[in-house]
$ cat my_file.cif   # mmCIF, C-alpha atoms and all ligand atoms; chains and numbers go by the auth columns
data_query
#
loop_
_atom_site.group_PDB
_atom_site.id
_atom_site.type_symbol
_atom_site.label_atom_id
_atom_site.label_comp_id
_atom_site.label_asym_id
_atom_site.label_seq_id
_atom_site.Cartn_x
_atom_site.Cartn_y
_atom_site.Cartn_z
_atom_site.B_iso_or_equiv
_atom_site.auth_seq_id
_atom_site.auth_asym_id
ATOM 1 C CA MET A 1 -15.377 54.872 -38.534 0.00 1 A
ATOM 2 C CA THR A 2 -12.652 53.381 -36.431 0.00 2 A
ATOM 3 C CA CYS A 3 -13.903 53.687 -32.914 0.00 3 A
ATOM 4 C CA HIS A 4 -14.963 50.750 -30.731 0.00 4 A
ATOM 5 C CA LEU A 5 -17.597 51.076 -28.022 0.00 5 A
ATOM 6 C CA LEU A 6 -18.030 48.957 -24.895 0.00 6 A
ATOM 7 C CA ILE A 7 -21.361 49.157 -23.045 0.00 7 A
ATOM 8 C CA PRO A 8 -21.359 47.891 -19.436 0.00 8 A
ATOM 9 C CA ALA A 9 -24.877 46.471 -19.046 0.00 9 A
ATOM 10 C CA ALA A 10 -24.322 43.698 -16.512 0.00 10 A
ATOM 11 C CA GLY A 11 -25.778 45.359 -13.413 0.00 11 A
ATOM 12 C CA SER A 12 -29.014 44.688 -11.564 0.00 12 A
ATOM 13 C CA GLY A 13 -32.114 46.701 -10.720 0.00 13 A
ATOM 14 C CA LYS A 14 -31.470 46.907 -6.980 0.00 14 A
ATOM 15 C CA ARG A 15 -31.393 50.706 -6.496 0.00 15 A
ATOM 16 C CA MET A 16 -34.324 50.964 -8.908 0.00 16 A
ATOM 17 C CA GLY A 17 -36.320 48.600 -6.728 0.00 17 A
ATOM 18 C CA ALA A 18 -36.691 46.298 -9.758 0.00 18 A
ATOM 19 C CA ASP A 19 -36.391 42.523 -9.601 0.00 19 A
ATOM 20 C CA ARG A 20 -34.314 42.399 -12.801 0.00 20 A
ATOM 21 C CA ASN A 21 -31.670 44.294 -14.747 0.00 21 A
ATOM 22 C CA LYS A 22 -32.934 47.893 -14.901 0.00 22 A
ATOM 23 C CA LEU A 23 -31.712 48.159 -18.509 0.00 23 A
ATOM 24 C CA LEU A 24 -34.535 45.819 -19.503 0.00 24 A
ATOM 25 C CA LEU A 25 -37.191 48.121 -18.038 0.00 25 A
ATOM 26 C CA SER A 26 -39.397 49.880 -20.539 0.00 26 A
ATOM 27 C CA LEU A 27 -38.951 53.561 -21.374 0.00 27 A
ATOM 28 C CA LEU A 28 -41.630 54.834 -23.784 0.00 28 A
ATOM 29 C CA GLY A 29 -42.225 51.275 -24.944 0.00 29 A
ATOM 30 C CA LYS A 30 -38.594 50.245 -25.499 0.00 30 A
ATOM 31 C CA PRO A 31 -36.049 48.705 -23.107 0.00 31 A
ATOM 32 C CA ILE A 32 -33.552 51.248 -21.740 0.00 32 A
ATOM 33 C CA LEU A 33 -30.692 49.325 -23.357 0.00 33 A
ATOM 34 C CA GLN A 34 -32.339 49.646 -26.767 0.00 34 A
ATOM 35 C CA TRP A 35 -32.333 53.456 -26.500 0.00 35 A
ATOM 36 C CA THR A 36 -28.621 53.393 -25.645 0.00 36 A
ATOM 37 C CA LEU A 37 -27.832 51.066 -28.537 0.00 37 A
ATOM 38 C CA GLU A 38 -29.858 53.083 -31.040 0.00 38 A
ATOM 39 C CA ALA A 39 -27.882 56.241 -30.207 0.00 39 A
ATOM 40 C CA ALA A 40 -24.598 54.326 -30.585 0.00 40 A
ATOM 41 C CA ILE A 41 -25.719 52.876 -33.906 0.00 41 A
ATOM 42 C CA ALA A 42 -26.654 56.340 -35.182 0.00 42 A
ATOM 43 C CA SER A 43 -23.186 57.648 -34.288 0.00 43 A
ATOM 44 C CA LYS A 44 -20.962 57.962 -37.364 0.00 44 A
ATOM 45 C CA ALA A 45 -17.814 57.358 -35.310 0.00 45 A
ATOM 46 C CA ILE A 46 -18.637 53.957 -33.859 0.00 46 A
ATOM 47 C CA ALA A 47 -17.748 50.911 -35.967 0.00 47 A
ATOM 48 C CA TRP A 48 -18.175 48.086 -33.447 0.00 48 A
ATOM 49 C CA ILE A 49 -20.174 47.640 -30.247 0.00 49 A
ATOM 50 C CA GLY A 50 -19.560 45.216 -27.368 0.00 50 A
ATOM 51 C CA VAL A 51 -22.251 44.800 -24.708 0.00 51 A
ATOM 52 C CA MET A 52 -21.327 43.262 -21.339 0.00 52 A
ATOM 53 C CA GLY A 53 -24.222 41.381 -19.772 0.00 53 A
ATOM 54 C CA GLN A 54 -24.940 38.660 -17.235 0.00 54 A
ATOM 55 C CA PRO A 55 -25.733 35.246 -18.800 0.00 55 A
ATOM 56 C CA HIS A 56 -29.282 35.272 -17.345 0.00 56 A
ATOM 57 C CA ASP A 57 -30.016 38.378 -19.475 0.00 57 A
ATOM 58 C CA TYR A 58 -28.510 37.063 -22.733 0.00 58 A
ATOM 59 C CA SER A 59 -31.788 35.969 -24.317 0.00 59 A
ATOM 60 C CA GLU A 60 -33.448 39.348 -23.598 0.00 60 A
ATOM 61 C CA PHE A 61 -30.386 41.195 -24.922 0.00 61 A
ATOM 62 C CA GLN A 62 -30.395 39.103 -28.082 0.00 62 A
ATOM 63 C CA LYS A 63 -34.059 39.937 -28.639 0.00 63 A
ATOM 64 C CA ILE A 64 -33.133 43.633 -28.469 0.00 64 A
ATOM 65 C CA PHE A 65 -30.208 43.193 -30.897 0.00 65 A
ATOM 66 C CA LYS A 66 -32.582 41.584 -33.413 0.00 66 A
ATOM 67 C CA LEU A 67 -34.840 44.639 -33.317 0.00 67 A
ATOM 68 C CA LEU A 68 -31.981 46.962 -34.295 0.00 68 A
ATOM 69 C CA ASN A 69 -31.724 47.955 -37.894 0.00 69 A
ATOM 70 C CA THR A 70 -27.961 47.954 -38.319 0.00 70 A
ATOM 71 C CA THR A 71 -25.030 46.348 -40.072 0.00 71 A
ATOM 72 C CA LYS A 72 -22.647 47.319 -37.252 0.00 72 A
ATOM 73 C CA PRO A 73 -21.290 44.270 -35.412 0.00 73 A
ATOM 74 C CA ILE A 74 -22.731 43.948 -31.894 0.00 74 A
ATOM 75 C CA CYS A 75 -21.039 41.389 -29.615 0.00 75 A
ATOM 76 C CA LEU A 76 -22.336 39.990 -26.367 0.00 76 A
ATOM 77 C CA ILE A 77 -19.620 39.703 -23.716 0.00 77 A
ATOM 78 C CA GLN A 78 -19.939 38.145 -20.260 0.00 78 A
ATOM 79 C CA GLY A 79 -20.028 40.809 -17.546 0.00 79 A
ATOM 80 C CA GLY A 80 -18.323 40.612 -14.160 0.00 80 A
ATOM 81 C CA VAL A 81 -19.271 41.046 -10.518 0.00 81 A
ATOM 82 C CA THR A 82 -18.520 44.786 -10.620 0.00 82 A
ATOM 83 C CA ARG A 83 -18.667 47.408 -13.376 0.00 83 A
ATOM 84 C CA GLN A 84 -14.863 47.426 -13.336 0.00 84 A
ATOM 85 C CA ALA A 85 -14.789 43.654 -13.902 0.00 85 A
ATOM 86 C CA SER A 86 -17.323 43.996 -16.718 0.00 86 A
ATOM 87 C CA VAL A 87 -15.150 46.594 -18.474 0.00 87 A
ATOM 88 C CA PHE A 88 -12.083 44.376 -17.934 0.00 88 A
ATOM 89 C CA ASN A 89 -13.867 41.535 -19.742 0.00 89 A
ATOM 90 C CA GLY A 90 -14.959 43.885 -22.510 0.00 90 A
ATOM 91 C CA LEU A 91 -11.394 45.032 -23.085 0.00 91 A
ATOM 92 C CA GLN A 92 -10.243 41.411 -23.541 0.00 92 A
ATOM 93 C CA SER A 93 -12.881 40.972 -26.272 0.00 93 A
ATOM 94 C CA LEU A 94 -11.955 44.001 -28.387 0.00 94 A
ATOM 95 C CA PRO A 95 -10.924 43.159 -31.961 0.00 95 A
ATOM 96 C CA SER A 96 -7.137 43.351 -32.411 0.00 96 A
ATOM 97 C CA GLU A 97 -7.350 46.366 -34.759 0.00 97 A
ATOM 98 C CA CYS A 98 -8.986 48.515 -32.036 0.00 98 A
ATOM 99 C CA ASP A 99 -6.891 51.535 -31.113 0.00 99 A
ATOM 100 C CA ARG A 100 -9.492 53.856 -29.533 0.00 100 A
ATOM 101 C CA VAL A 101 -12.181 52.622 -27.154 0.00 101 A
ATOM 102 C CA LEU A 102 -15.199 54.412 -25.733 0.00 102 A
ATOM 103 C CA ILE A 103 -16.908 53.090 -22.599 0.00 103 A
ATOM 104 C CA HIS A 104 -20.548 54.112 -22.152 0.00 104 A
ATOM 105 C CA ASP A 105 -22.885 52.933 -19.396 0.00 105 A
ATOM 106 C CA GLY A 106 -25.972 51.192 -20.723 0.00 106 A
ATOM 107 C CA ALA A 107 -27.909 53.133 -18.096 0.00 107 A
ATOM 108 C CA ARG A 108 -27.128 56.484 -19.809 0.00 108 A
ATOM 109 C CA CYS A 109 -29.728 55.977 -22.498 0.00 109 A
ATOM 110 C CA LEU A 110 -30.202 59.671 -23.376 0.00 110 A
ATOM 111 C CA ALA A 111 -26.691 60.311 -24.727 0.00 111 A
ATOM 112 C CA THR A 112 -27.026 61.546 -28.308 0.00 112 A
ATOM 113 C CA PRO A 113 -25.193 60.247 -31.415 0.00 113 A
ATOM 114 C CA GLU A 114 -23.598 63.719 -31.683 0.00 114 A
ATOM 115 C CA LEU A 115 -22.066 63.295 -28.225 0.00 115 A
ATOM 116 C CA PHE A 116 -20.467 59.985 -29.278 0.00 116 A
ATOM 117 C CA ASP A 117 -19.125 61.632 -32.445 0.00 117 A
ATOM 118 C CA ARG A 118 -17.719 64.621 -30.558 0.00 118 A
ATOM 119 C CA CYS A 119 -16.113 62.302 -28.009 0.00 119 A
ATOM 120 C CA ASP A 120 -14.377 60.238 -30.667 0.00 120 A
ATOM 121 C CA LEU A 121 -13.113 63.351 -32.443 0.00 121 A
ATOM 122 C CA SER A 122 -11.570 64.544 -29.171 0.00 122 A
ATOM 123 C CA LEU A 123 -10.064 61.129 -28.446 0.00 123 A
ATOM 124 C CA GLN A 124 -8.110 61.333 -31.695 0.00 124 A
ATOM 125 C CA MET A 125 -6.103 64.125 -30.031 0.00 125 A
ATOM 126 C CA MET A 126 -5.703 62.816 -26.462 0.00 126 A
ATOM 127 C CA GLN A 127 -4.892 59.744 -24.397 0.00 127 A
ATOM 128 C CA GLY A 128 -8.062 59.758 -22.335 0.00 128 A
ATOM 129 C CA PHE A 129 -11.179 61.834 -21.678 0.00 129 A
ATOM 130 C CA ILE A 130 -14.458 61.810 -19.828 0.00 130 A
ATOM 131 C CA ALA A 131 -17.670 63.545 -20.786 0.00 131 A
ATOM 132 C CA ALA A 132 -18.613 65.804 -17.875 0.00 132 A
ATOM 133 C CA VAL A 133 -20.683 68.868 -16.980 0.00 133 A
ATOM 134 C CA PRO A 134 -19.936 71.588 -14.407 0.00 134 A
ATOM 135 C CA VAL A 135 -21.793 70.980 -11.135 0.00 135 A
ATOM 136 C CA LYS A 136 -24.607 73.402 -10.380 0.00 136 A
ATOM 137 C CA ASP A 137 -25.009 72.578 -6.697 0.00 137 A
ATOM 138 C CA THR A 138 -22.614 73.503 -3.934 0.00 138 A
ATOM 139 C CA ILE A 139 -21.010 70.202 -2.943 0.00 139 A
ATOM 140 C CA LYS A 140 -20.245 69.356 0.692 0.00 140 A
ATOM 141 C CA VAL A 141 -17.755 66.783 1.961 0.00 141 A
ATOM 142 C CA VAL A 142 -19.444 65.089 4.903 0.00 142 A
ATOM 143 C CA ASN A 143 -18.283 62.778 7.676 0.00 143 A
ATOM 144 C CA GLY A 144 -21.288 61.064 9.230 0.00 144 A
ATOM 145 C CA LEU A 145 -23.734 63.968 9.025 0.00 145 A
ATOM 146 C CA THR A 146 -21.171 66.698 9.703 0.00 146 A
ATOM 147 C CA ILE A 147 -19.709 68.874 6.972 0.00 147 A
ATOM 148 C CA VAL A 148 -15.934 68.754 6.851 0.00 148 A
ATOM 149 C CA ASP A 149 -15.260 70.723 3.668 0.00 149 A
ATOM 150 C CA THR A 150 -16.845 72.831 0.926 0.00 150 A
ATOM 151 C CA PRO A 151 -14.701 72.461 -2.212 0.00 151 A
ATOM 152 C CA ASN A 152 -14.529 75.388 -4.634 0.00 152 A
ATOM 153 C CA ARG A 153 -17.317 74.716 -7.136 0.00 153 A
ATOM 154 C CA ASP A 154 -15.276 76.224 -10.008 0.00 154 A
ATOM 155 C CA HIS A 155 -13.162 73.063 -9.992 0.00 155 A
ATOM 156 C CA LEU A 156 -15.983 70.516 -9.732 0.00 156 A
ATOM 157 C CA TRP A 157 -17.403 68.643 -12.705 0.00 157 A
ATOM 158 C CA ALA A 158 -19.906 65.789 -12.661 0.00 158 A
ATOM 159 C CA ALA A 159 -18.497 62.768 -14.484 0.00 159 A
ATOM 160 C CA GLN A 160 -20.594 61.110 -17.161 0.00 160 A
ATOM 161 C CA THR A 161 -19.935 58.556 -19.840 0.00 161 A
ATOM 162 C CA PRO A 162 -18.817 58.191 -22.638 0.00 162 A
ATOM 163 C CA GLN A 163 -15.297 57.966 -21.327 0.00 163 A
ATOM 164 C CA GLY A 164 -12.649 57.152 -23.921 0.00 164 A
ATOM 165 C CA PHE A 165 -9.058 56.009 -23.990 0.00 165 A
ATOM 166 C CA GLN A 166 -6.281 54.759 -26.207 0.00 166 A
ATOM 167 C CA ALA A 167 -7.124 51.075 -25.940 0.00 167 A
ATOM 168 C CA ASP A 168 -3.644 49.746 -25.102 0.00 168 A
ATOM 169 C CA LEU A 169 -3.277 52.286 -22.258 0.00 169 A
ATOM 170 C CA LEU A 170 -6.660 51.349 -20.762 0.00 170 A
ATOM 171 C CA LYS A 171 -5.925 47.621 -21.026 0.00 171 A
ATOM 172 C CA ASN A 172 -2.634 48.147 -19.158 0.00 172 A
ATOM 173 C CA ALA A 173 -4.399 50.277 -16.524 0.00 173 A
ATOM 174 C CA HIS A 174 -6.981 47.536 -15.898 0.00 174 A
ATOM 175 C CA LEU A 175 -4.261 44.862 -15.665 0.00 175 A
ATOM 176 C CA LYS A 176 -2.424 47.005 -13.113 0.00 176 A
ATOM 177 C CA ALA A 177 -5.672 47.444 -11.141 0.00 177 A
ATOM 178 C CA VAL A 178 -6.125 43.668 -10.922 0.00 178 A
ATOM 179 C CA GLU A 179 -2.493 43.238 -9.900 0.00 179 A
ATOM 180 C CA LEU A 180 -2.660 45.902 -7.163 0.00 180 A
ATOM 181 C CA GLY A 181 -6.282 45.358 -6.066 0.00 181 A
ATOM 182 C CA TRP A 182 -7.519 48.832 -7.034 0.00 182 A
ATOM 183 C CA GLU A 183 -11.304 49.198 -7.014 0.00 183 A
ATOM 184 C CA VAL A 184 -12.746 52.209 -8.814 0.00 184 A
ATOM 185 C CA THR A 185 -16.154 53.323 -10.074 0.00 185 A
ATOM 186 C CA ASP A 186 -15.031 54.653 -13.439 0.00 186 A
ATOM 187 C CA ASP A 187 -12.220 54.040 -15.891 0.00 187 A
ATOM 188 C CA ALA A 188 -10.790 57.541 -15.678 0.00 188 A
ATOM 189 C CA ALA A 189 -9.928 56.853 -12.022 0.00 189 A
ATOM 190 C CA LEU A 190 -7.458 54.163 -13.156 0.00 190 A
ATOM 191 C CA PHE A 191 -5.726 56.638 -15.481 0.00 191 A
ATOM 192 C CA GLU A 192 -5.600 59.144 -12.605 0.00 192 A
ATOM 193 C CA LYS A 193 -4.008 56.576 -10.277 0.00 193 A
ATOM 194 C CA ILE A 194 -1.337 55.799 -12.880 0.00 194 A
ATOM 195 C CA GLY A 195 -0.701 59.498 -13.557 0.00 195 A
ATOM 196 C CA LEU A 196 -1.954 59.531 -17.146 0.00 196 A
ATOM 197 C CA PRO A 197 -3.783 62.672 -18.315 0.00 197 A
ATOM 198 C CA VAL A 198 -7.573 62.616 -18.666 0.00 198 A
ATOM 199 C CA GLN A 199 -9.238 65.593 -20.387 0.00 199 A
ATOM 200 C CA ILE A 200 -12.798 66.846 -20.107 0.00 200 A
ATOM 201 C CA VAL A 201 -15.149 66.770 -23.090 0.00 201 A
ATOM 202 C CA ILE A 202 -18.277 68.824 -22.459 0.00 202 A
ATOM 203 C CA GLY A 203 -21.090 66.350 -21.838 0.00 203 A
ATOM 204 C CA GLU A 204 -24.843 66.841 -22.059 0.00 204 A
ATOM 205 C CA GLU A 205 -27.105 68.062 -19.249 0.00 205 A
ATOM 206 C CA THR A 206 -29.710 65.519 -20.360 0.00 206 A
ATOM 207 C CA ASN A 207 -27.213 62.616 -20.288 0.00 207 A
ATOM 208 C CA LEU A 208 -28.497 61.299 -16.981 0.00 208 A
ATOM 209 C CA LYS A 209 -27.868 57.845 -15.594 0.00 209 A
ATOM 210 C CA ILE A 210 -31.069 55.957 -14.924 0.00 210 A
ATOM 211 C CA THR A 211 -30.760 54.861 -11.297 0.00 211 A
ATOM 212 C CA THR A 212 -34.168 55.422 -9.676 0.00 212 A
ATOM 213 C CA GLN A 213 -37.840 55.486 -10.682 0.00 213 A
ATOM 214 C CA GLN A 214 -37.653 59.316 -10.728 0.00 214 A
ATOM 215 C CA ASP A 215 -34.845 59.159 -13.305 0.00 215 A
ATOM 216 C CA LEU A 216 -37.076 57.009 -15.474 0.00 216 A
ATOM 217 C CA ALA A 217 -39.848 59.623 -15.309 0.00 217 A
ATOM 218 C CA ILE A 218 -37.395 62.458 -16.123 0.00 218 A
ATOM 219 C CA ALA A 219 -35.953 60.452 -19.038 0.00 219 A
ATOM 220 C CA GLU A 220 -39.446 59.934 -20.421 0.00 220 A
ATOM 221 C CA PHE A 221 -40.096 63.676 -20.215 0.00 221 A
ATOM 222 C CA ILE A 222 -36.820 64.501 -22.036 0.00 222 A
ATOM 223 C CA LEU A 223 -37.465 61.970 -24.802 0.00 223 A
ATOM 224 C CA ARG A 224 -40.952 63.336 -25.388 0.00 224 A
ATOM 225 C CA GLN A 225 -39.401 66.804 -25.955 0.00 225 A
ATOM 226 C CA ARG A 226 -37.075 65.501 -28.676 0.00 226 A
ATOM 227 C CA HIS A 227 -38.467 65.890 -32.181 0.00 227 A
ATOM 228 C CA THR A 228 -37.330 62.548 -33.494 0.00 228 A
ATOM 229 C CA TYR A 229 -36.446 59.271 -31.904 0.00 229 A
ATOM 230 C CA TYR A 230 -33.382 57.874 -33.643 0.00 230 A
HETATM 231 O O1 LIG B . -25.237 50.593 -11.058 0.00 301 B
HETATM 232 P P1 LIG B . -24.807 51.661 -11.998 0.00 301 B
HETATM 233 O O2 LIG B . -25.945 52.279 -12.771 0.00 301 B
HETATM 234 O O3 LIG B . -23.895 52.687 -11.395 0.00 301 B
HETATM 235 O O4 LIG B . -23.913 50.916 -13.087 0.00 301 B
HETATM 236 C C1 LIG B . -23.348 51.623 -14.177 0.00 301 B
HETATM 237 C C2 LIG B . -23.343 50.726 -15.404 0.00 301 B
HETATM 238 O O5 LIG B . -22.487 49.622 -15.175 0.00 301 B
HETATM 239 C C3 LIG B . -24.738 50.171 -15.745 0.00 301 B
HETATM 240 O O6 LIG B . -24.978 50.341 -17.132 0.00 301 B
HETATM 241 C C4 LIG B . -24.641 48.717 -15.320 0.00 301 B
HETATM 242 O O7 LIG B . -25.425 47.834 -16.111 0.00 301 B
HETATM 243 C C5 LIG B . -23.154 48.427 -15.510 0.00 301 B
HETATM 244 N N1 LIG B . -22.648 47.341 -14.639 0.00 301 B
HETATM 245 C C6 LIG B . -21.958 46.271 -15.229 0.00 301 B
HETATM 246 N N2 LIG B . -21.514 45.230 -14.435 0.00 301 B
HETATM 247 C C7 LIG B . -21.753 45.223 -13.114 0.00 301 B
HETATM 248 C C8 LIG B . -22.423 46.307 -12.488 0.00 301 B
HETATM 249 C C9 LIG B . -22.855 47.369 -13.292 0.00 301 B
HETATM 250 O O8 LIG B . -21.766 46.255 -16.443 0.00 301 B
HETATM 251 N N3 LIG B . -21.349 44.160 -12.403 0.00 301 B
#
$ encode --input "my_file.cif" --output "C-alpha cells"
Amino acid sequence: MTCHLLIPAAGSGKRMGADRNKLLLSLLGKPILQWTLEAAIASKAIAWIGVMGQPHDYSEFQKIFKLLNTTKPICLIQGGVTRQASVFNGLQSLPSECDRVLIHDGARCLATPELFDRCDLSLQMMQGFIAAVPVKDTIKVVNGLTIVDTPNRDHLWAAQTPQGFQADLLKNAHLKAVELGWEVTDDAALFEKIGLPVQIVIGEETNLKITTQQDLAIAEFILRQRHTYY
C-alpha cells in the first residue's frame, strides 16, 4: 500500500439545485461523500486519503470521517475556488514520502475498490493515466446551435476519475499552470499541455459523476443492484 489519494470535495450543489455541497446529500441513507470514502478505504492500494473541502463543510465532513471504520489516515485540506485550485492545495499537503497520487472526484461515489486497485497497478508502470470509457453516442462539435464537426467516434473516450500521476510531475504541472494562468477541468489536461504522456485505464460504465437529481436516482438504482455495500 503506497498510493495516496486526493478527493476534491470542495464544490457546491448549484447544478444539482441544492442549497449546499451536493456531496452531503443523502444516497440510500448515507452522504454521497461517505460512499466515495468507503470505496477508497476498501481499496488495498490506497494508504492515505486527503479530502479537499470548504471550511463551512468541515464539521459535516468530520462527522462522516468518524463513521468510517478505518485505520487509514484521512486528512481534511482546505479547498480552493475551482477544482484545479482544490487539487493544487491537496498536492501541497501530500506526505513527503508520496510518489504516486490518485485524484478522484468526491462526486463519483460509485467507483469500486477494484477500480482504485487496478488504477494504482497501472500507475506503477506509467507517468500518468485517466480512467475512461469509450463514448457510445455520436459526438457533435457545435458553434451556437450549428454543427461544425463530427469527430470519429473510434477516437473518443469519456474521461472519468480516478486519474493518477507520478506526484512530482503533477506538482510541477500545477505550478506551471499557476505561473502561466492555465485553467483546466481535469489534471490530465495539464500533462497534455506540457507534452507528458497520459494513458487510458479502462474505467467503469457505472462510475458516473453525480451532477443532477437524475444522476442521484440512477446511482440509487445501481447501488440497489450491487449485492453488498462495502
Ligand atoms: O462540479 P463538479 O461535479 O464537476 O466537480 C467535480 C469535483 O470537484 C466534485 O467532487 C467537487 O466537489 C470538486 N470541486 C472542488 N473544488 C471546487 C469545485 C469542485 O473540490 N472549487
$ residues_around --input "my_file.cif" --residues "Asn69 of chain A" --least-positions-apart "6" --cutoff "12 Å" --atoms "only C-alpha atoms" --output "MDAnalysis selection string"
chainID A and resid 34 37:39 41:42 230
$ write_last_selection --input "my_file.cif" --atoms "C-alpha atoms" --output "JSON list (two decimals), in the coordinates of the input"
[["chain", "number", "residue", "atom", "x", "y", "z"],
["A", 34, "GLN", "CA", -32.34, 49.65, -26.77],
["A", 37, "LEU", "CA", -27.83, 51.07, -28.54],
["A", 38, "GLU", "CA", -29.86, 53.08, -31.04],
["A", 39, "ALA", "CA", -27.88, 56.24, -30.21],
["A", 41, "ILE", "CA", -25.72, 52.88, -33.91],
["A", 42, "ALA", "CA", -26.65, 56.34, -35.18],
["A", 230, "TYR", "CA", -33.38, 57.87, -33.64]]
$ closest_atom_pairs --input "my_file.cif" --of "chain A" --to "ligand LIG 301 (chain B)" --cutoff "10 Å" --atoms "only C-alpha atoms and all ligand atoms" --output "Markdown table"
| residue | atom | partner | partner_atom | distance |
| --- | --- | --- | --- | --- |
| A:Leu6 | CA | B:LIG301 | O8 | 9.6 |
| A:Ile7 | CA | B:LIG301 | O6 | 7.0 |
| A:Pro8 | CA | B:LIG301 | O8 | 3.4 |
| A:Ala9 | CA | B:LIG301 | O7 | 3.3 |
| A:Ala10 | CA | B:LIG301 | O8 | 3.6 |
| A:Gly11 | CA | B:LIG301 | C9 | 3.5 |
| A:Ser12 | CA | B:LIG301 | O7 | 6.6 |
| A:Gly13 | CA | B:LIG301 | O1 | 7.9 |
| A:Lys14 | CA | B:LIG301 | O1 | 8.3 |
| A:Arg15 | CA | B:LIG301 | O1 | 7.7 |
| A:Met16 | CA | B:LIG301 | O2 | 9.3 |
| A:Asn21 | CA | B:LIG301 | O7 | 7.3 |
| A:Lys22 | CA | B:LIG301 | O7 | 7.6 |
| A:Leu23 | CA | B:LIG301 | O7 | 6.7 |
| A:Leu24 | CA | B:LIG301 | O7 | 9.9 |
| A:Ile32 | CA | B:LIG301 | O6 | 9.8 |
| A:Leu33 | CA | B:LIG301 | O6 | 8.5 |
| A:Thr36 | CA | B:LIG301 | O6 | 9.7 |
| A:Val51 | CA | B:LIG301 | O8 | 8.4 |
| A:Met52 | CA | B:LIG301 | O8 | 5.8 |
| A:Gly53 | CA | B:LIG301 | O8 | 6.4 |
| A:Gln54 | CA | B:LIG301 | N2 | 7.9 |
| A:Gln78 | CA | B:LIG301 | O8 | 9.1 |
| A:Gly79 | CA | B:LIG301 | N2 | 5.6 |
| A:Gly80 | CA | B:LIG301 | N3 | 5.0 |
| A:Val81 | CA | B:LIG301 | N3 | 4.2 |
| A:Thr82 | CA | B:LIG301 | N3 | 3.4 |
| A:Arg83 | CA | B:LIG301 | N2 | 3.7 |
| A:Gln84 | CA | B:LIG301 | N2 | 7.1 |
| A:Ala85 | CA | B:LIG301 | N3 | 6.7 |
| A:Ser86 | CA | B:LIG301 | N2 | 4.9 |
| A:Val87 | CA | B:LIG301 | O8 | 6.9 |
| A:Phe88 | CA | B:LIG301 | O8 | 10.0 |
| A:Asn89 | CA | B:LIG301 | O8 | 9.8 |
| A:Gly90 | CA | B:LIG301 | O8 | 9.4 |
| A:Ile103 | CA | B:LIG301 | O5 | 9.9 |
| A:His104 | CA | B:LIG301 | O6 | 7.7 |
| A:Asp105 | CA | B:LIG301 | O6 | 4.0 |
| A:Gly106 | CA | B:LIG301 | O6 | 3.8 |
| A:Ala107 | CA | B:LIG301 | O6 | 4.2 |
| A:Arg108 | CA | B:LIG301 | O6 | 7.0 |
| A:Cys109 | CA | B:LIG301 | O6 | 9.1 |
| A:Thr161 | CA | B:LIG301 | C1 | 9.6 |
| A:Thr185 | CA | B:LIG301 | O3 | 7.9 |
| A:Asp186 | CA | B:LIG301 | C1 | 8.9 |
| A:Lys209 | CA | B:LIG301 | O2 | 6.5 |
| A:Ile210 | CA | B:LIG301 | O2 | 6.7 |
| A:Thr211 | CA | B:LIG301 | O2 | 5.7 |
| A:Thr212 | CA | B:LIG301 | O2 | 9.3 |
$ resolve_selection --input "my_file.cif" --expression "the PyMOL selection byres (((chain A and resi 207) around 6) and not hetatm)" --output "PDB file with C-alpha atoms, in the frame of the given file"
ATOM      1  CA  LEU A 110     -30.202  59.671 -23.376  1.00  0.00           C
ATOM      2  CA  ALA A 111     -26.691  60.311 -24.727  1.00  0.00           C
ATOM      3  CA  GLU A 204     -24.843  66.841 -22.059  1.00  0.00           C
ATOM      4  CA  GLU A 205     -27.105  68.062 -19.249  1.00  0.00           C
ATOM      5  CA  THR A 206     -29.710  65.519 -20.360  1.00  0.00           C
ATOM      6  CA  LEU A 208     -28.497  61.299 -16.981  1.00  0.00           C
TER       7      LEU A 208
END
$ resolve_selection --input "my_file.cif" --expression "the PyMOL selection byres (((chain A and resi 97-102) around 6) and not hetatm)" --output "PyMOL selection string"
chain A and resi 3-5+95-96+103+163-167
$ residues_around --input "my_file.cif" --residues "segment 146-154 of chain A" --least-positions-apart "4" --cutoff "10 Å" --atoms "all atoms listed in the file" --output "VMD selection string"
chain A and resid 134 to 142
$ axis_aligned_box --input "my_file.cif" --around "segment 137-147 of chain A" --padding-each-side "4 Å" --output "lines of an AutoDock Vina configuration file"
center_x = -21.4
center_y = 67.3
center_z = 1.5
size_x = 15.3
size_y = 20.4
size_z = 24.4
$ atom_distance --input "my_file.cif" --atom1 "atom CA of Gly29 of chain A" --atom2 "atom CA of Gly50 of chain A"
23.6 Å
$ atom_distance --input "my_file.cif" --atom1 "atom CA of Ala45 of chain A" --atom2 "atom CA of Phe116 of chain A"
7.1 Å
$ atom_distance --input "my_file.cif" --atom1 "atom CA of Lys176 of chain A" --atom2 "atom CA of Ile202 of chain A"
28.5 Å
$ closest_residue --input "my_file.cif" --among "A:Gln62, A:Lys44, A:Leu180, A:Thr71" --to "Pro113 of chain A" --atoms "only C-alpha atoms"
A:Lys44
$ resolve_selection --input "my_file.cif" --expression "the PyMOL selection byres (((chain A and resi 118) around 10) and not hetatm)" --output "list of chain:residue names"
A:Ser43, A:Ala45, A:Pro113, A:Glu114, A:Leu115, A:Phe116, A:Asp117, A:Cys119, A:Asp120, A:Leu121, A:Ser122, A:Leu123, A:Ala131, A:Val201, A:Ile202, A:Gly203
